[in-house]
Amino acid sequence: MAEELTLTPRQRQDLRTIAAMIIPASDEYGVPGADDDAIQADILATLGRDTRPVVAALDHLAQLAGGSLAELDAERRDAVALAFRKHGGVPAATLVRVVLQCYYRDDRVLRSLGLELRAPFPKGHVLPDGDWSLLDPVKARGGSLRRAP
Amino acid sequence: MKDPVDVLIIGAGASGAAVAWSLAETKMHILCLEQGGWMNPAEYPSTGRDWEAKFYGEWSSSPNVRGRPEDYPVNDDNSPIKVVNYNAVGGSTVMYTAHWPRLHPSDFKVKTLDGVADDWPVDYDALTPFFEENDRMMGASGLSGDPLSPLTHPPMPQQPLGLSGAIIGKAMNELGWHWWPSDTTVATMDYEGRARCINLGHCTPACAQGAKSSTDITYWPHAIRAGVELRTHCRVREITTDENGMASGVVYYDKDGVEQFQPAHVVIIACNGVGTPRLLLNSASSRFPNGLANSSGLVGKNLMFHPYAQIYGYVKEPTDSNRAPPTCLWSKQWYDTDLSRGFVRGYGVQFVRGAGPVFEAVVSEQKGILPWGEDHHRIFRKLNGHRLGFSAICEDLPEEHNQVTLDPVLKDSHGIPAPKIDYTISENSRKMMEHALARGRETLETAGATDICINSPIPWGGWHLLGTARMGTDPERSVVNEWGRTHDVKNLFIVDGSIFVTSGGVNPTSTIQALALYIADQMKQRLANLFD
């Protein structure tokens with residue numbers, strides 16, 4: 001059962017390392033990196049059905065690194081990340097997606113993007129009705145349906 | 001043994017709900033068996049902060065990814081387009097975009113007009129009153145008077161143009177091309193006990209507001225009040241026949257997994273273009289060794305998907321992003337045949353307003369336009385909330401080698417063989433898709449878009465499951481007759497998208513339901529001699 005799998009301490013460390021490589025912290029935008037404690041906790045708490053492919057991705061990553069990714073120097077880490085991104089297949093894509101989906105629901109990140117910290121329901125959104133005179137040229141041009149015998 | 005019912009409907013989705021409601025006035029004992037259950041809007045994705053993430057798991061449009069107990073697996077390894085559906089009361093209307101065009105009158109005469117495929121045995125005029133009735137029942141919104149679409153009278157006004165619609169409209173005007181606000185089944189005002197749309201923006205995986213019409217909240221409450229019995233979590237394995245070759249009932253597994261037999265005088269299949277052939281093929285017997293109602297050999301053949309050619313880009317202005325229903329406008333500029341384009345038939349276009357932040361990040365990273373590292377934040381802010389999309393729904397012509405069969409190995413949780421899909425995109429469709437992508441690029445560039453990306457076909461775009469039990473007057477070239485009754489079994493009817501002869505270039509749900517209502521009406525008119 002994928003849900004019963006857990007990440008080893010080394011896998012957690014590698015997940016944190018690769019997450020920071022995907023999205024580093026930014027002073028300019030005032031946002032944490034994806035290695036932030038709260039974001040990492042969200043990832044681990046919600047892995048669920050993605051646990052198995054994420055574990056597979058982390059195994060692949062360790063294989064490429066010849067050990068722990070976190071312990072490599074920056075240049076070697078970049079080379080491993082490049083290979084991981086290029087050849088990691090579905091497991092790598094799942095790991096990246098999991099990082100992104102937790103990062104882009106973090107309150108600090110959403111605030112920085114100017115987005116509200118809430119579910120869509122029940123407040124919804126307001127949509128401008130728009131200028132329907134834009135349709136006038138289409139109406140003026142007209143046209144007809146193809147005739148069916 | 002259970003008492004026989006007068007009419008047994010298999011499937012409570014778009015067509016099953018419509019036919020159940022229509023037949024209810026006969027006061028016959030009508031029973032519908034549905035493999036899924038009732039939905040709970042309080043659990044819909046848009047009620048939670050993880051609304052986007054759910055689309056990658058339990059709310060995926062792919063049954064293979066979703067893997068709920070109500071789902072059955074589909075072997076679509078041999079198809080560039082993967083099957084998507086939903087199994088519940090409401091069927092795939094729970095999980096559709098609610099885009100609501102109809103087939104055009106010319107779509108019913110493709111052989112006569114263009115010399116390809118076959119004409120339908122019914123025409124648009126015969127379906128017109130049922131399109132209208134269905135628009136009222138489902139609750140359609142739109143703007144009447146589109147010069148390049150069949151005349152409709154939606155009971156509610158069109159959706160707002162919004163930011164995205166205005167940008168698209170201006171670009172299309174500059175190019176001199178047709179566009180029009182889409183008919184949709186999104187309620188733009190309070191309607192028949194349903195609240196109006198409040199722009200939750202995440203419409204496809206179910207609408208927590210109930211503004212998007214799905215048959216669990218439109219047809220089914222009416223049908224049940226009129227006396228139709230709906231039995232949920234009941235998965236039908238096979239249709240049985242008697243010594244006279246008539247359908248005698250169905251074998252199904254109930255909610256506890258116990259095998260049951262339900263006798264019936266009439267059986268109606270409403271399981272979509274994949275589920276219906278699966279059931280017919282799995283109902284083979286000594287009398288029907290190639291599957292039920294399959295003397296033509298066409299059950300499962302001629303599968304049509306609508307290959308989607310999608311192109312999108314990013315403009316400087318903000319778009320509606322996830323703050324509105326995803327589709328808002330259509331174009332029929334390239335709908336009809338023009339052989340100078342290098343292909344026969346054509347495509348409709350649905351414009352897409354935008355995407356939410358998680359979807360934007362995931363897709364853009366996969367496309368390689370959102371980098372890892374320091375520049376991630378700057379690029380994401382350029383992309384997020386600035387997307388516009390152009391999706392062409394290309395008419396798929398029927399080809400017998402595109403088919404649904406029974407997988408020899410893969411089975412569902414009840415041990416019923418899973419459907420296996422073998423499908424290729426035709427050369428005609430490929431040329432059509434290339435044409436659409438070129439027009440889409442022109443549109444987007446005119447709108448000022450950059451970073452243009454393509455999904456062609458949309459891999460998980462097998463929403464429209466059509467053609468696998470086609471209509472016709474010739475029993476050797478079709479599975480059902482011109483009013484939905486199988487040629488081989490005179491008390492067996494099919495009402496879903498599998499009876500489509502051709503696919504047109506539009507989303508099919510409106511036409512599927514109009515056909516279901518038409519068939520129900522034909523049955524009511526022929527009750528005295530239904531089996532003659």
# chains A, B, ... in the order shown; residues from 1 in each chain; ligands from 1
>>> residues_around(residues="region 77-83 of chain A", least_positions_apart="3", cutoff="12 Å", atoms="only C-alpha atoms", output="number ranges by chain")
A: 14-15, 17-22, 57-58, 60-74, 86-89, 92, 96; B: 371-373
>>> residues_around(residues="Arg194 (chain B)", least_positions_apart="2", cutoff="10 Å", atoms="only C-alpha atoms", output="MDAnalysis selection string")
chainID B and resid 139 187 189:192 196:197 209:213 217:218
>>> write_last_selection(atoms="C-alpha atoms", output="PDB file, in the first residue's frame")
ATOM      1  CA  GLY B 139     -30.822  25.121 -17.759  1.00  0.00           C
ATOM      2  CA  ALA B 187     -26.817  29.029 -14.545  1.00  0.00           C
ATOM      3  CA  MET B 189     -29.359  33.475 -12.743  1.00  0.00           C
ATOM      4  CA  ASP B 190     -31.267  31.525 -10.105  1.00  0.00           C
ATOM      5  CA  TYR B 191     -33.002  28.777 -12.031  1.00  0.00           C
ATOM      6  CA  GLU B 192     -35.354  25.978 -11.045  1.00  0.00           C
ATOM      7  CA  ARG B 196     -26.658  31.296 -10.035  1.00  0.00           C
ATOM      8  CA  CYS B 197     -22.972  31.026 -10.845  1.00  0.00           C
ATOM      9  CA  GLN B 209     -22.589  26.009  -5.913  1.00  0.00           C
ATOM     10  CA  GLY B 210     -24.811  23.784  -8.057  1.00  0.00           C
ATOM     11  CA  ALA B 211     -24.759  26.374 -10.813  1.00  0.00           C
ATOM     12  CA  LYS B 212     -23.309  23.925 -13.328  1.00  0.00           C
ATOM     13  CA  SER B 213     -25.991  21.597 -14.579  1.00  0.00           C
ATOM     14  CA  ILE B 217     -29.458  18.096  -9.768  1.00  0.00           C
ATOM     15  CA  THR B 218     -31.525  18.627 -12.935  1.00  0.00           C
TER      16      THR B 218
END
>>> interface_residues(of="chain A", to="chain B", cutoff="8 Å", atoms="only C-alpha atoms", output="JSON, numbers by chain")
{"A": [20, 21, 22, 23, 24, 26, 29, 49, 93, 96, 97, 100, 101, 104, 105, 113, 118, 119, 120, 121, 122, 123, 124, 125, 126, 127, 128, 129, 130, 131, 132, 134, 135, 137, 138, 139, 142, 143, 144, 145, 146, 147, 148, 149]}
>>> select_by_dssp(residues="region 149-316 of chain B", states="helix (DSSP H, G or I)", output="number ranges by chain")
B: 162-175, 219-225, 272-281
>>> residues_around(residues="Asn75 (chain B)", least_positions_apart="6", cutoff="9 Å", atoms="only C-alpha atoms", output="compact mmCIF listing (two decimals) with N, CA and C atoms, in the first residue's frame")
# COMPACT_ATOMS: atom_id res chain seq x y z
N ASN B 64 -8.54 5.90 -14.44
CA ASN B 64 -7.35 5.12 -14.08
C ASN B 64 -6.55 5.80 -12.97
N LYS B 82 -6.52 9.58 -24.07
CA LYS B 82 -6.95 8.74 -22.96
C LYS B 82 -8.41 9.03 -22.60
N VAL B 83 -9.09 7.98 -22.16
CA VAL B 83 -10.51 8.10 -21.80
C VAL B 83 -10.65 8.84 -20.48
N ASP B 407 -10.68 -6.24 -22.72
CA ASP B 407 -9.29 -6.55 -22.41
C ASP B 407 -9.20 -8.01 -21.90
N LEU B 410 -7.08 -7.27 -18.05
CA LEU B 410 -7.50 -6.25 -17.08
C LEU B 410 -8.98 -6.40 -16.71
N ALA B 418 -12.25 -5.27 -18.41
CA ALA B 418 -12.17 -3.83 -18.67
C ALA B 418 -12.21 -3.56 -20.16
N PRO B 419 -12.62 -2.37 -20.56
CA PRO B 419 -12.55 -2.03 -21.97
C PRO B 419 -11.10 -1.75 -22.40
N LYS B 420 -10.81 -2.14 -23.63
CA LYS B 420 -9.50 -1.87 -24.22
C LYS B 420 -9.72 -0.97 -25.43
N ILE B 421 -8.93 0.07 -25.51
CA ILE B 421 -9.09 1.06 -26.58
C ILE B 421 -7.94 0.92 -27.57
N ASP B 422 -8.28 0.81 -28.84
CA ASP B 422 -7.28 0.90 -29.91
C ASP B 422 -7.70 2.05 -30.80
>>> residues_around(residues="Gly467 (chain B)", least_positions_apart="6", cutoff="7 Å", atoms="only C-alpha atoms", output="PyMOL selection string")
chain B and resi 273+302-304+497-502
>>> write_last_selection(atoms="C-alpha atoms", output="tab-separated table (two decimals), in the first residue's frame")
chain	number	residue	atom	x	y	z
B	273	GLY	CA	-19.41	5.12	-25.99
B	302	ASN	CA	-15.92	3.43	-35.14
B	303	LEU	CA	-14.89	4.99	-31.84
B	304	MET	CA	-14.70	8.77	-32.19
B	497	GLY	CA	-23.18	8.81	-27.45
B	498	SER	CA	-22.35	5.40	-28.84
B	499	ILE	CA	-25.21	5.75	-31.34
B	500	PHE	CA	-23.66	8.81	-33.02
B	501	VAL	CA	-23.02	8.20	-36.73
B	502	THR	CA	-20.52	11.05	-37.00
